Amino acid sequence: MAYIELKDIDAGYVKGSPILKDFHLEVKRGELISLLGPSGCGKTTTLRTIAGFISPEKGNVIIDKNDVTKYPPNKRNIGLVFQTYALFPHLSVFENVAYGLKRRKVDKKTIEEKVKKVLNLVSLTGFEERLPANLSGGQRQRVALARSLVIEPDLLLLDEPLSNLDAKLRDEMRAELSRLQHKLGITMIYVTHDQIEALSLSSKIIVMNEGNIEQMGTPKEIYEKPATKFVAKFVGFDNILTAKFVECDEKNTAIVSVGENKLKISREQHIDIKSLNEGDEINILFRPEDTRITKDKCENSIQAKLNYANYQGNSSSYALSYNDMEIRAITENIEIQNSKDIYFAISSDKIIIEKK
Amino acid sequence: MKKSKFLIFIVALAVIFLIGPFIIIIVSSFNETAVMKFPPKGFSLQWYQKVFSVDMFKTTFWISLKIGFFATIIALVIGIPVAYLNVRYKYRGKNIVELIFSSPAIIPGLVIGFALLRYFIYVAQVPITVGLFLGHTAILFPYTVRVVSASLRNFDLSVEEAAVSLGSSPIGAFFRVVFPNIQAGVVAAFILAFITSFNNVPISLFLTGPGVSTLPIQMLVYMEYYYDPTISALSSIIIVLTVLIVQAAEKVLGISKYM
């Protein structure tokens, strides 16, 4: 049974040209769902529609069996965490957190207890009297989190909450969010354009593009079995080569040709490779991380020209070109004397086939 | 980088050009003789005493103060919602609304004064004080709307949305969260609008009448009859007061970034 449901929603900022069209979404109670996609894909529009800041032109928003489509945002009991933290600059940490409770006419003693408890939860005890200006980015985001958790919302919406933090803090906050979600069991919808955040936090990921859901699945499904070319590119299948389909054997291993080279592809595909005919033009996609560099010809290897190598410590990033197509490889460091005799190779289970 | 001598020279010229007349006014206000002279002869405070002994100055000072204060308050009470609407929302005819509210700063004051005279006195036949007050209110909108808009634009919309998501009504969120954070802008708008009203001549020229005048108009009238340093003394008082008020507001609220 769905806890949050968006039914056939048309919504956007300009009347008559909605960003979301016939949009449908279901979230179970206690789930952490990520909306993943590039900017402009409609993920923030979805969030704002659920929060009530956008009134859909059509369709219904249902939270815990209540149709809240016509409710204003202040009557929905939804917690919101913003990318910019959106703390009240003129109020202390305590007053920021107490804000929602005061609007709910909670008595003073209970407010003090609840604020204390939630500040302890986000490890900010002792910061009660500080103003937001005197906090670090990570601390501000924890205040924002505490402020939206203290009202015990039916749902917590997070709009790119970590993207203003530096890399180290981002990791810390990600772990903290994960811990809080497990501890409180609160239903969360998390908007991000960062696949690592989505993969590490969510129980389910929804990849969005141009107002549509491209794929919905567990982090593992999204990462390992992207259902569309868009999702594949979004989760890091950055290398694309044009190829021709040759044949498919009984073990479902496909043989494709890239120029003179023959490649084996044993990976389970989201398209039916049986439907392909010999000579069909296809694209093959694979990750830079799955691309190895060798000096000698080996299985599933293609000779290429090395353009440059970029040393990154325990690995190197190589830019190669094959027939004017650019290939990137991130792999262990190798000594290269002659940039002409270079091969790149991909394991047969790491390649996606895409119809052209 | 080395400072260019040429730039310093230009800036110095501009400063002399701007400050020079004020220095002359202030220095000549301490003149001993009844004729305005520069450089002055001797030192005396008699013209300051005279300022305070002329009844018309006192009366019109209070009128100017009251008109300025109430016109500014009304221009703010109406100007803040207008600024809020224009900063937060897109709507049809927004450009026209913006143009209308900034027109009093673009159209020559004499034209406005004349138009208001026709409208208030001949058509609507309102009392002189009311006409003067309404006229001043009208010309203050560009300042209140623009300055408040600037401070609203600097304020993150999501802070307001956070307040609403926590249970505030939109109006509650405005008074609890937005207003406390645009206070400095509102004070800046108040000072700017008040000074604009207090100094205004062209509108007041048309809208003052028998028994009701403002300080600048009274000063003009006085100068037509007497050419003595009393006006210098009065001007010096106004200059010093203005500078003190603006400096105090700047120190406390940092209003300069909104002006």
# chains A, B, ... in the order shown; residues from 1 in each chain; ligands from 1
$ interface_residues --of "chain A" --to "chain B" --cutoff "6 Å" --atoms "only C-alpha atoms" --output "ChimeraX atom specification"
/A:73-74,86,100,103
$ residues_around --residues "Thr331 (chain A)" --least-positions-apart "5" --cutoff "7 Å" --atoms "only C-alpha atoms" --output "VMD selection string"
chain A and resid 289 292 315 to 317
$ select_by_dssp --residues "region 116-176 of chain A" --states "strand (DSSP E)" --output "NGL selection string"
:A and (155-159)
$ atom_distance --atom1 "CA of Pro108 (chain B)" --atom2 "CA of Thr137 (chain B)"
16.0 Å
$ select_by_dssp --residues "region 105-227 of chain B" --states "alpha helix (DSSP H)" --output "PDB file with N, CA and C atoms, in the first residue's frame"
ATOM      1  N   ALA B 105       9.727  59.494  -9.881  1.00  0.00           N
ATOM      2  CA  ALA B 105      11.142  59.828  -9.844  1.00  0.00           C
ATOM      3  C   ALA B 105      11.651  60.203 -11.232  1.00  0.00           C
ATOM      4  N   ILE B 106      10.859  59.913 -12.267  1.00  0.00           N
ATOM      5  CA  ILE B 106      11.294  60.167 -13.641  1.00  0.00           C
ATOM      6  C   ILE B 106      10.661  61.448 -14.180  1.00  0.00           C
ATOM      7  N   GLY B 109       9.427  67.173 -11.378  1.00  0.00           N
ATOM      8  CA  GLY B 109       8.631  67.522 -10.208  1.00  0.00           C
ATOM      9  C   GLY B 109       7.602  68.611 -10.476  1.00  0.00           C
ATOM     10  N   LEU B 110       7.966  69.571 -11.297  1.00  0.00           N
ATOM     11  CA  LEU B 110       7.039  70.671 -11.566  1.00  0.00           C
ATOM     12  C   LEU B 110       5.785  70.164 -12.262  1.00  0.00           C
ATOM     13  N   VAL B 111       5.980  69.181 -13.163  1.00  0.00           N
ATOM     14  CA  VAL B 111       4.838  68.630 -13.894  1.00  0.00           C
ATOM     15  C   VAL B 111       3.921  67.895 -12.917  1.00  0.00           C
ATOM     16  N   ILE B 112       4.535  67.100 -12.034  1.00  0.00           N
ATOM     17  CA  ILE B 112       3.736  66.374 -11.040  1.00  0.00           C
ATOM     18  C   ILE B 112       3.001  67.365 -10.150  1.00  0.00           C
ATOM     19  N   GLY B 113       3.728  68.374  -9.700  1.00  0.00           N
ATOM     20  CA  GLY B 113       3.133  69.376  -8.818  1.00  0.00           C
ATOM     21  C   GLY B 113       1.927  70.026  -9.460  1.00  0.00           C
ATOM     22  N   PHE B 114       2.070  70.386 -10.721  1.00  0.00           N
ATOM     23  CA  PHE B 114       0.977  71.032 -11.438  1.00  0.00           C
ATOM     24  C   PHE B 114      -0.215  70.086 -11.590  1.00  0.00           C
ATOM     25  N   ALA B 115       0.098  68.833 -11.965  1.00  0.00           N
ATOM     26  CA  ALA B 115      -0.959  67.836 -12.150  1.00  0.00           C
ATOM     27  C   ALA B 115      -1.704  67.614 -10.836  1.00  0.00           C
ATOM     28  N   LEU B 116      -0.946  67.496  -9.752  1.00  0.00           N
ATOM     29  CA  LEU B 116      -1.571  67.252  -8.449  1.00  0.00           C
ATOM     30  C   LEU B 116      -2.414  68.446  -8.017  1.00  0.00           C
ATOM     31  N   ILE B 128      -5.767  71.856   2.012  1.00  0.00           N
ATOM     32  CA  ILE B 128      -4.374  72.029   1.608  1.00  0.00           C
ATOM     33  C   ILE B 128      -3.451  71.002   2.270  1.00  0.00           C
ATOM     34  N   THR B 129      -3.610  70.826   3.577  1.00  0.00           N
ATOM     35  CA  THR B 129      -2.718  69.897   4.288  1.00  0.00           C
ATOM     36  C   THR B 129      -2.842  68.481   3.735  1.00  0.00           C
ATOM     37  N   VAL B 130      -4.095  68.075   3.469  1.00  0.00           N
ATOM     38  CA  VAL B 130      -4.319  66.723   2.948  1.00  0.00           C
ATOM     39  C   VAL B 130      -3.689  66.581   1.565  1.00  0.00           C
ATOM     40  N   GLY B 131      -3.884  67.594   0.718  1.00  0.00           N
ATOM     41  CA  GLY B 131      -3.297  67.572  -0.627  1.00  0.00           C
ATOM     42  C   GLY B 131      -1.790  67.461  -0.569  1.00  0.00           C
ATOM     43  N   LEU B 132      -1.211  68.268   0.324  1.00  0.00           N
ATOM     44  CA  LEU B 132       0.247  68.266   0.481  1.00  0.00           C
ATOM     45  C   LEU B 132       0.726  66.880   0.915  1.00  0.00           C
ATOM     46  N   PHE B 133       0.005  66.304   1.870  1.00  0.00           N
ATOM     47  CA  PHE B 133       0.354  64.985   2.389  1.00  0.00           C
ATOM     48  C   PHE B 133       0.236  63.912   1.295  1.00  0.00           C
ATOM     49  N   LEU B 134      -0.866  63.938   0.536  1.00  0.00           N
ATOM     50  CA  LEU B 134      -1.061  62.939  -0.523  1.00  0.00           C
ATOM     51  C   LEU B 134      -0.018  63.110  -1.631  1.00  0.00           C
ATOM     52  N   GLY B 135       0.256  64.360  -1.983  1.00  0.00           N
ATOM     53  CA  GLY B 135       1.253  64.630  -3.023  1.00  0.00           C
ATOM     54  C   GLY B 135       2.613  64.100  -2.637  1.00  0.00           C
ATOM     55  N   HIS B 136       3.002  64.347  -1.388  1.00  0.00           N
ATOM     56  CA  HIS B 136       4.298  63.854  -0.912  1.00  0.00           C
ATOM     57  C   HIS B 136       4.322  62.328  -0.890  1.00  0.00           C
ATOM     58  N   THR B 137       3.210  61.726  -0.444  1.00  0.00           N
ATOM     59  CA  THR B 137       3.153  60.260  -0.423  1.00  0.00           C
ATOM     60  C   THR B 137       3.417  59.710  -1.823  1.00  0.00           C
ATOM     61  N   ALA B 138       2.757  60.308  -2.818  1.00  0.00           N
ATOM     62  CA  ALA B 138       2.877  59.815  -4.196  1.00  0.00           C
ATOM     63  C   ALA B 138       4.323  59.840  -4.681  1.00  0.00           C
ATOM     64  N   ILE B 139       5.024  60.939  -4.396  1.00  0.00           N
ATOM     65  CA  ILE B 139       6.386  61.019  -4.942  1.00  0.00           C
ATOM     66  C   ILE B 139       7.383  60.155  -4.156  1.00  0.00           C
ATOM     67  N   LEU B 140       6.978  59.602  -3.018  1.00  0.00           N
ATOM     68  CA  LEU B 140       7.916  58.784  -2.237  1.00  0.00           C
ATOM     69  C   LEU B 140       7.906  57.314  -2.644  1.00  0.00           C
ATOM     70  N   PHE B 141       6.851  56.880  -3.363  1.00  0.00           N
ATOM     71  CA  PHE B 141       6.769  55.465  -3.750  1.00  0.00           C
ATOM     72  C   PHE B 141       8.016  54.932  -4.458  1.00  0.00           C
ATOM     73  N   PRO B 142       8.575  55.677  -5.428  1.00  0.00           N
ATOM     74  CA  PRO B 142       9.730  55.108  -6.130  1.00  0.00           C
ATOM     75  C   PRO B 142      10.844  54.717  -5.163  1.00  0.00           C
ATOM     76  N   TYR B 143      11.008  55.517  -4.102  1.00  0.00           N
ATOM     77  CA  TYR B 143      12.117  55.260  -3.175  1.00  0.00           C
ATOM     78  C   TYR B 143      11.814  54.081  -2.272  1.00  0.00           C
ATOM     79  N   THR B 144      10.596  54.049  -1.724  1.00  0.00           N
ATOM     80  CA  THR B 144      10.288  52.934  -0.818  1.00  0.00           C
ATOM     81  C   THR B 144      10.235  51.618  -1.593  1.00  0.00           C
ATOM     82  N   VAL B 145       9.570  51.632  -2.759  1.00  0.00           N
ATOM     83  CA  VAL B 145       9.427  50.384  -3.519  1.00  0.00           C
ATOM     84  C   VAL B 145      10.810  49.869  -3.949  1.00  0.00           C
ATOM     85  N   ARG B 146      11.633  50.768  -4.446  1.00  0.00           N
ATOM     86  CA  ARG B 146      12.916  50.315  -4.982  1.00  0.00           C
ATOM     87  C   ARG B 146      13.855  49.802  -3.881  1.00  0.00           C
ATOM     88  N   VAL B 147      13.939  50.540  -2.792  1.00  0.00           N
ATOM     89  CA  VAL B 147      14.876  50.140  -1.739  1.00  0.00           C
ATOM     90  C   VAL B 147      14.412  48.849  -1.056  1.00  0.00           C
ATOM     91  N   VAL B 148      13.102  48.737  -0.814  1.00  0.00           N
ATOM     92  CA  VAL B 148      12.601  47.513  -0.179  1.00  0.00           C
ATOM     93  C   VAL B 148      12.757  46.325  -1.140  1.00  0.00           C
ATOM     94  N   SER B 149      12.528  46.563  -2.446  1.00  0.00           N
ATOM     95  CA  SER B 149      12.719  45.495  -3.433  1.00  0.00           C
ATOM     96  C   SER B 149      14.151  44.971  -3.386  1.00  0.00           C
ATOM     97  N   ALA B 150      15.108  45.902  -3.302  1.00  0.00           N
ATOM     98  CA  ALA B 150      16.512  45.486  -3.286  1.00  0.00           C
ATOM     99  C   ALA B 150      16.782  44.568  -2.100  1.00  0.00           C
ATOM    100  N   SER B 151      16.233  44.909  -0.923  1.00  0.00           N
ATOM    101  CA  SER B 151      16.530  44.054   0.230  1.00  0.00           C
ATOM    102  C   SER B 151      15.757  42.743   0.164  1.00  0.00           C
ATOM    103  N   LEU B 152      14.578  42.754  -0.468  1.00  0.00           N
ATOM    104  CA  LEU B 152      13.841  41.496  -0.638  1.00  0.00           C
ATOM    105  C   LEU B 152      14.574  40.567  -1.600  1.00  0.00           C
ATOM    106  N   ARG B 153      15.162  41.168  -2.640  1.00  0.00           N
ATOM    107  CA  ARG B 153      15.887  40.350  -3.618  1.00  0.00           C
ATOM    108  C   ARG B 153      17.093  39.672  -2.981  1.00  0.00           C
ATOM    109  N   LEU B 157      14.402  33.187  -0.922  1.00  0.00           N
ATOM    110  CA  LEU B 157      12.990  32.795  -0.897  1.00  0.00           C
ATOM    111  C   LEU B 157      12.768  31.508  -0.117  1.00  0.00           C
ATOM    112  N   SER B 158      13.746  30.602  -0.153  1.00  0.00           N
ATOM    113  CA  SER B 158      13.519  29.321   0.516  1.00  0.00           C
ATOM    114  C   SER B 158      13.416  29.469   2.036  1.00  0.00           C
ATOM    115  N   VAL B 159      13.974  30.549   2.599  1.00  0.00           N
ATOM    116  CA  VAL B 159      13.833  30.770   4.046  1.00  0.00           C
ATOM    117  C   VAL B 159      12.356  30.969   4.390  1.00  0.00           C
ATOM    118  N   GLU B 160      11.687  31.730   3.520  1.00  0.00           N
ATOM    119  CA  GLU B 160      10.261  31.965   3.708  1.00  0.00           C
ATOM    120  C   GLU B 160       9.482  30.660   3.535  1.00  0.00           C
ATOM    121  N   GLU B 161       9.881  29.881   2.529  1.00  0.00           N
ATOM    122  CA  GLU B 161       9.197  28.603   2.298  1.00  0.00           C
ATOM    123  C   GLU B 161       9.424  27.649   3.466  1.00  0.00           C
ATOM    124  N   ALA B 162      10.612  27.717   4.061  1.00  0.00           N
ATOM    125  CA  ALA B 162      10.891  26.883   5.228  1.00  0.00           C
ATOM    126  C   ALA B 162       9.904  27.221   6.335  1.00  0.00           C
ATOM    127  N   ALA B 163       9.682  28.526   6.551  1.00  0.00           N
ATOM    128  CA  ALA B 163       8.741  28.948   7.599  1.00  0.00           C
ATOM    129  C   ALA B 163       7.342  28.425   7.308  1.00  0.00           C
ATOM    130  N   VAL B 164       6.937  28.505   6.043  1.00  0.00           N
ATOM    131  CA  VAL B 164       5.597  28.024   5.671  1.00  0.00           C
ATOM    132  C   VAL B 164       5.516  26.510   5.871  1.00  0.00           C
ATOM    133  N   SER B 165       6.567  25.796   5.482  1.00  0.00           N
ATOM    134  CA  SER B 165       6.524  24.333   5.627  1.00  0.00           C
ATOM    135  C   SER B 165       6.478  23.931   7.098  1.00  0.00           C
ATOM    136  N   PRO B 170       1.369  32.237   5.053  1.00  0.00           N
ATOM    137  CA  PRO B 170       2.247  33.137   4.293  1.00  0.00           C
ATOM    138  C   PRO B 170       2.415  34.500   4.971  1.00  0.00           C
ATOM    139  N   ILE B 171       1.317  35.023   5.555  1.00  0.00           N
ATOM    140  CA  ILE B 171       1.416  36.335   6.214  1.00  0.00           C
ATOM    141  C   ILE B 171       2.239  36.214   7.496  1.00  0.00           C
ATOM    142  N   GLY B 172       2.008  35.147   8.246  1.00  0.00           N
ATOM    143  CA  GLY B 172       2.796  34.904   9.458  1.00  0.00           C
ATOM    144  C   GLY B 172       4.268  34.793   9.127  1.00  0.00           C
ATOM    145  N   ALA B 173       4.587  34.081   8.044  1.00  0.00           N
ATOM    146  CA  ALA B 173       5.981  33.917   7.633  1.00  0.00           C
ATOM    147  C   ALA B 173       6.583  35.272   7.271  1.00  0.00           C
ATOM    148  N   PHE B 179      10.191  40.062   7.369  1.00  0.00           N
ATOM    149  CA  PHE B 179      10.327  41.435   7.833  1.00  0.00           C
ATOM    150  C   PHE B 179      11.545  41.658   8.741  1.00  0.00           C
ATOM    151  N   PRO B 180      11.788  40.797   9.739  1.00  0.00           N
ATOM    152  CA  PRO B 180      12.968  41.032  10.582  1.00  0.00           C
ATOM    153  C   PRO B 180      14.276  41.057   9.792  1.00  0.00           C
ATOM    154  N   ASN B 181      14.277  40.389   8.643  1.00  0.00           N
ATOM    155  CA  ASN B 181      15.512  40.327   7.864  1.00  0.00           C
ATOM    156  C   ASN B 181      15.627  41.390   6.783  1.00  0.00           C
ATOM    157  N   ILE B 182      14.539  42.163   6.558  1.00  0.00           N
ATOM    158  CA  ILE B 182      14.674  43.269   5.608  1.00  0.00           C
ATOM    159  C   ILE B 182      14.575  44.607   6.343  1.00  0.00           C
ATOM    160  N   GLN B 183      14.609  44.545   7.670  1.00  0.00           N
ATOM    161  CA  GLN B 183      14.509  45.757   8.495  1.00  0.00           C
ATOM    162  C   GLN B 183      15.466  46.865   8.061  1.00  0.00           C
ATOM    163  N   ALA B 184      16.728  46.480   7.837  1.00  0.00           N
ATOM    164  CA  ALA B 184      17.718  47.483   7.457  1.00  0.00           C
ATOM    165  C   ALA B 184      17.292  48.175   6.167  1.00  0.00           C
ATOM    166  N   GLY B 185      16.767  47.405   5.214  1.00  0.00           N
ATOM    167  CA  GLY B 185      16.289  47.969   3.961  1.00  0.00           C
ATOM    168  C   GLY B 185      15.110  48.900   4.187  1.00  0.00           C
ATOM    169  N   VAL B 186      14.229  48.511   5.100  1.00  0.00           N
ATOM    170  CA  VAL B 186      13.058  49.342   5.378  1.00  0.00           C
ATOM    171  C   VAL B 186      13.491  50.666   6.023  1.00  0.00           C
ATOM    172  N   VAL B 187      14.463  50.585   6.937  1.00  0.00           N
ATOM    173  CA  VAL B 187      14.976  51.809   7.561  1.00  0.00           C
ATOM    174  C   VAL B 187      15.647  52.696   6.510  1.00  0.00           C
ATOM    175  N   ALA B 188      16.418  52.075   5.622  1.00  0.00           N
ATOM    176  CA  ALA B 188      17.060  52.836   4.545  1.00  0.00           C
ATOM    177  C   ALA B 188      16.001  53.527   3.696  1.00  0.00           C
ATOM    178  N   ALA B 189      14.933  52.788   3.358  1.00  0.00           N
ATOM    179  CA  ALA B 189      13.847  53.357   2.555  1.00  0.00           C
ATOM    180  C   ALA B 189      13.198  54.518   3.300  1.00  0.00           C
ATOM    181  N   PHE B 190      13.019  54.331   4.616  1.00  0.00           N
ATOM    182  CA  PHE B 190      12.402  55.381   5.420  1.00  0.00           C
ATOM    183  C   PHE B 190      13.231  56.660   5.359  1.00  0.00           C
ATOM    184  N   ILE B 191      14.532  56.520   5.606  1.00  0.00           N
ATOM    185  CA  ILE B 191      15.402  57.703   5.642  1.00  0.00           C
ATOM    186  C   ILE B 191      15.436  58.400   4.288  1.00  0.00           C
ATOM    187  N   LEU B 192      15.616  57.593   3.245  1.00  0.00           N
ATOM    188  CA  LEU B 192      15.693  58.159   1.899  1.00  0.00           C
ATOM    189  C   LEU B 192      14.392  58.882   1.544  1.00  0.00           C
ATOM    190  N   ALA B 193      13.261  58.246   1.839  1.00  0.00           N
ATOM    191  CA  ALA B 193      11.968  58.834   1.496  1.00  0.00           C
ATOM    192  C   ALA B 193      11.719  60.078   2.332  1.00  0.00           C
ATOM    193  N   PHE B 194      12.046  59.984   3.624  1.00  0.00           N
ATOM    194  CA  PHE B 194      11.815  61.134   4.501  1.00  0.00           C
ATOM    195  C   PHE B 194      12.618  62.344   4.030  1.00  0.00           C
ATOM    196  N   ILE B 195      13.887  62.133   3.718  1.00  0.00           N
ATOM    197  CA  ILE B 195      14.730  63.243   3.255  1.00  0.00           C
ATOM    198  C   ILE B 195      14.183  63.813   1.949  1.00  0.00           C
ATOM    199  N   THR B 196      13.730  62.912   1.072  1.00  0.00           N
ATOM    200  CA  THR B 196      13.160  63.363  -0.203  1.00  0.00           C
ATOM    201  C   THR B 196      11.960  64.275   0.048  1.00  0.00           C
ATOM    202  N   SER B 197      11.094  63.875   0.970  1.00  0.00           N
ATOM    203  CA  SER B 197       9.921  64.687   1.270  1.00  0.00           C
ATOM    204  C   SER B 197      10.324  66.002   1.941  1.00  0.00           C
ATOM    205  N   PHE B 198      11.240  65.882   2.902  1.00  0.00           N
ATOM    206  CA  PHE B 198      11.647  67.055   3.675  1.00  0.00           C
ATOM    207  C   PHE B 198      12.268  68.133   2.776  1.00  0.00           C
ATOM    208  N   ASN B 199      12.990  67.682   1.736  1.00  0.00           N
ATOM    209  CA  ASN B 199      13.678  68.620   0.850  1.00  0.00           C
ATOM    210  C   ASN B 199      12.837  69.104  -0.310  1.00  0.00           C
ATOM    211  N   PRO B 202       9.379  71.410  -5.623  1.00  0.00           N
ATOM    212  CA  PRO B 202       8.399  71.577  -6.727  1.00  0.00           C
ATOM    213  C   PRO B 202       6.981  71.147  -6.381  1.00  0.00           C
ATOM    214  N   ILE B 203       6.818  70.028  -5.659  1.00  0.00           N
ATOM    215  CA  ILE B 203       5.466  69.584  -5.327  1.00  0.00           C
ATOM    216  C   ILE B 203       4.845  70.552  -4.322  1.00  0.00           C
ATOM    217  N   SER B 204       5.646  70.864  -3.292  1.00  0.00           N
ATOM    218  CA  SER B 204       5.145  71.746  -2.233  1.00  0.00           C
ATOM    219  C   SER B 204       4.794  73.118  -2.783  1.00  0.00           C
ATOM    220  N   LEU B 205       5.585  73.565  -3.758  1.00  0.00           N
ATOM    221  CA  LEU B 205       5.362  74.872  -4.353  1.00  0.00           C
ATOM    222  C   LEU B 205       3.916  75.010  -4.840  1.00  0.00           C
ATOM    223  N   PHE B 206       3.395  73.945  -5.441  1.00  0.00           N
ATOM    224  CA  PHE B 206       2.034  73.987  -5.974  1.00  0.00           C
ATOM    225  C   PHE B 206       0.983  73.704  -4.919  1.00  0.00           C
ATOM    226  N   LEU B 207       1.359  72.857  -3.942  1.00  0.00           N
ATOM    227  CA  LEU B 207       0.321  72.359  -3.038  1.00  0.00           C
ATOM    228  C   LEU B 207       0.241  73.106  -1.713  1.00  0.00           C
ATOM    229  N   LEU B 215       9.074  73.888   5.161  1.00  0.00           N
ATOM    230  CA  LEU B 215      10.304  74.619   5.470  1.00  0.00           C
ATOM    231  C   LEU B 215      11.036  75.089   4.206  1.00  0.00           C
ATOM    232  N   PRO B 216      11.261  74.218   3.200  1.00  0.00           N
ATOM    233  CA  PRO B 216      11.977  74.701   2.012  1.00  0.00           C
ATOM    234  C   PRO B 216      11.265  75.851   1.321  1.00  0.00           C
ATOM    235  N   ILE B 217       9.923  75.783   1.281  1.00  0.00           N
ATOM    236  CA  ILE B 217       9.170  76.868   0.647  1.00  0.00           C
ATOM    237  C   ILE B 217       9.331  78.147   1.466  1.00  0.00           C
ATOM    238  N   GLN B 218       9.261  78.018   2.790  1.00  0.00           N
ATOM    239  CA  GLN B 218       9.426  79.166   3.664  1.00  0.00           C
ATOM    240  C   GLN B 218      10.806  79.788   3.484  1.00  0.00           C
ATOM    241  N   MET B 219      11.818  78.901   3.279  1.00  0.00           N
ATOM    242  CA  MET B 219      13.177  79.406   3.072  1.00  0.00           C
ATOM    243  C   MET B 219      13.258  80.208   1.778  1.00  0.00           C
ATOM    244  N   LEU B 220      12.594  79.694   0.735  1.00  0.00           N
ATOM    245  CA  LEU B 220      12.574  80.407  -0.545  1.00  0.00           C
ATOM    246  C   LEU B 220      11.946  81.780  -0.380  1.00  0.00           C
ATOM    247  N   VAL B 221      10.784  81.788   0.305  1.00  0.00           N
ATOM    248  CA  VAL B 221      10.063  83.040   0.511  1.00  0.00           C
ATOM    249  C   VAL B 221      10.932  84.026   1.290  1.00  0.00           C
ATOM    250  N   TYR B 222      11.585  83.502   2.340  1.00  0.00           N
ATOM    251  CA  TYR B 222      12.428  84.359   3.180  1.00  0.00           C
ATOM    252  C   TYR B 222      13.530  85.009   2.343  1.00  0.00           C
ATOM    253  N   MET B 223      14.155  84.141   1.472  1.00  0.00           N
ATOM    254  CA  MET B 223      15.270  84.649   0.681  1.00  0.00           C
ATOM    255  C   MET B 223      14.867  85.723  -0.305  1.00  0.00           C
ATOM    256  N   GLU B 224      13.602  85.671  -0.725  1.00  0.00           N
ATOM    257  CA  GLU B 224      13.142  86.691  -1.662  1.00  0.00           C
ATOM    258  C   GLU B 224      13.123  88.068  -1.004  1.00  0.00           C
ATOM    259  N   TYR B 225      12.941  88.066   0.331  1.00  0.00           N
ATOM    260  CA  TYR B 225      12.850  89.344   1.028  1.00  0.00           C
ATOM    261  C   TYR B 225      14.144  89.750   1.700  1.00  0.00           C
TER     262      TYR B 225
END
$ residues_around --residues "region 274-278 of chain A" --least-positions-apart "6" --cutoff "7 Å" --atoms "only C-alpha atoms" --output "PyMOL selection string"
chain A and resi 245-247
$ write_last_selection --atoms "all heavy atoms" --output "PDB file, in the first residue's frame"
ATOM      1  N   PHE A 245      26.201  -5.464 -35.132  1.00  0.00           N
ATOM      2  CA  PHE A 245      25.876  -6.741 -34.523  1.00  0.00           C
ATOM      3  C   PHE A 245      26.291  -7.866 -35.483  1.00  0.00           C
ATOM      4  O   PHE A 245      26.077  -7.782 -36.691  1.00  0.00           O
ATOM      5  CB  PHE A 245      24.367  -6.815 -34.255  1.00  0.00           C
ATOM      6  CG  PHE A 245      23.954  -8.038 -33.508  1.00  0.00           C
ATOM      7  CD1 PHE A 245      24.207  -8.146 -32.147  1.00  0.00           C
ATOM      8  CD2 PHE A 245      23.328  -9.095 -34.156  1.00  0.00           C
ATOM      9  CE1 PHE A 245      23.822  -9.268 -31.447  1.00  0.00           C
ATOM     10  CE2 PHE A 245      22.952 -10.226 -33.461  1.00  0.00           C
ATOM     11  CZ  PHE A 245      23.198 -10.314 -32.097  1.00  0.00           C
ATOM     12  N   VAL A 246      26.903  -8.924 -34.918  1.00  0.00           N
ATOM     13  CA  VAL A 246      27.311 -10.028 -35.776  1.00  0.00           C
ATOM     14  C   VAL A 246      26.419 -11.238 -35.532  1.00  0.00           C
ATOM     15  O   VAL A 246      25.677 -11.665 -36.403  1.00  0.00           O
ATOM     16  CB  VAL A 246      28.799 -10.391 -35.571  1.00  0.00           C
ATOM     17  CG1 VAL A 246      29.179 -11.574 -36.470  1.00  0.00           C
ATOM     18  CG2 VAL A 246      29.681  -9.191 -35.862  1.00  0.00           C
ATOM     19  N   GLU A 247      26.516 -11.769 -34.312  1.00  0.00           N
ATOM     20  CA  GLU A 247      25.676 -12.937 -34.035  1.00  0.00           C
ATOM     21  C   GLU A 247      25.498 -13.121 -32.538  1.00  0.00           C
ATOM     22  O   GLU A 247      26.109 -12.428 -31.730  1.00  0.00           O
ATOM     23  CB  GLU A 247      26.303 -14.190 -34.641  1.00  0.00           C
ATOM     24  CG  GLU A 247      27.692 -14.464 -34.086  1.00  0.00           C
ATOM     25  CD  GLU A 247      28.236 -15.797 -34.543  1.00  0.00           C
ATOM     26  OE1 GLU A 247      27.427 -16.666 -34.938  1.00  0.00           O
ATOM     27  OE2 GLU A 247      29.452 -15.975 -34.496  1.00  0.00           O
TER      28      GLU A 247
END
$ residues_around --residues "Ala233 (chain B)" --least-positions-apart "5" --cutoff "12 Å" --atoms "only C-alpha atoms" --output "list in words"
Phe22, Ile23, Ile24, Ile25, Ile26, Val27, Ser28, Ser29, Phe30, Asn31, Met36, Ser44, Leu45, Gln46, Trp47, Tyr48, Gln49, Lys50, Val51, Phe52, Met219, Asp228, Ile238, Ile239 and Val240 of chain B
$ residues_around --residues "Leu149 (chain A)" --least-positions-apart "2" --cutoff "12 Å" --atoms "only C-alpha atoms" --output "MDAnalysis selection string"
(chainID A and resid 77:81 96:101 114:115 117:119 121:122 142:147 151:158 177 180:181 184:188) or (chainID B and resid 165:166)
$ atom_distance --atom1 "CA of Thr228 (chain A)" --atom2 "CA of Gln215 (chain A)"
7.6 Å
$ residues_around --residues "region 201-210 of chain A" --least-positions-apart "6" --cutoff "7 Å" --atoms "only C-alpha atoms" --output "ChimeraX atom specification"
/A:31-37,40-43,178,216-219,231
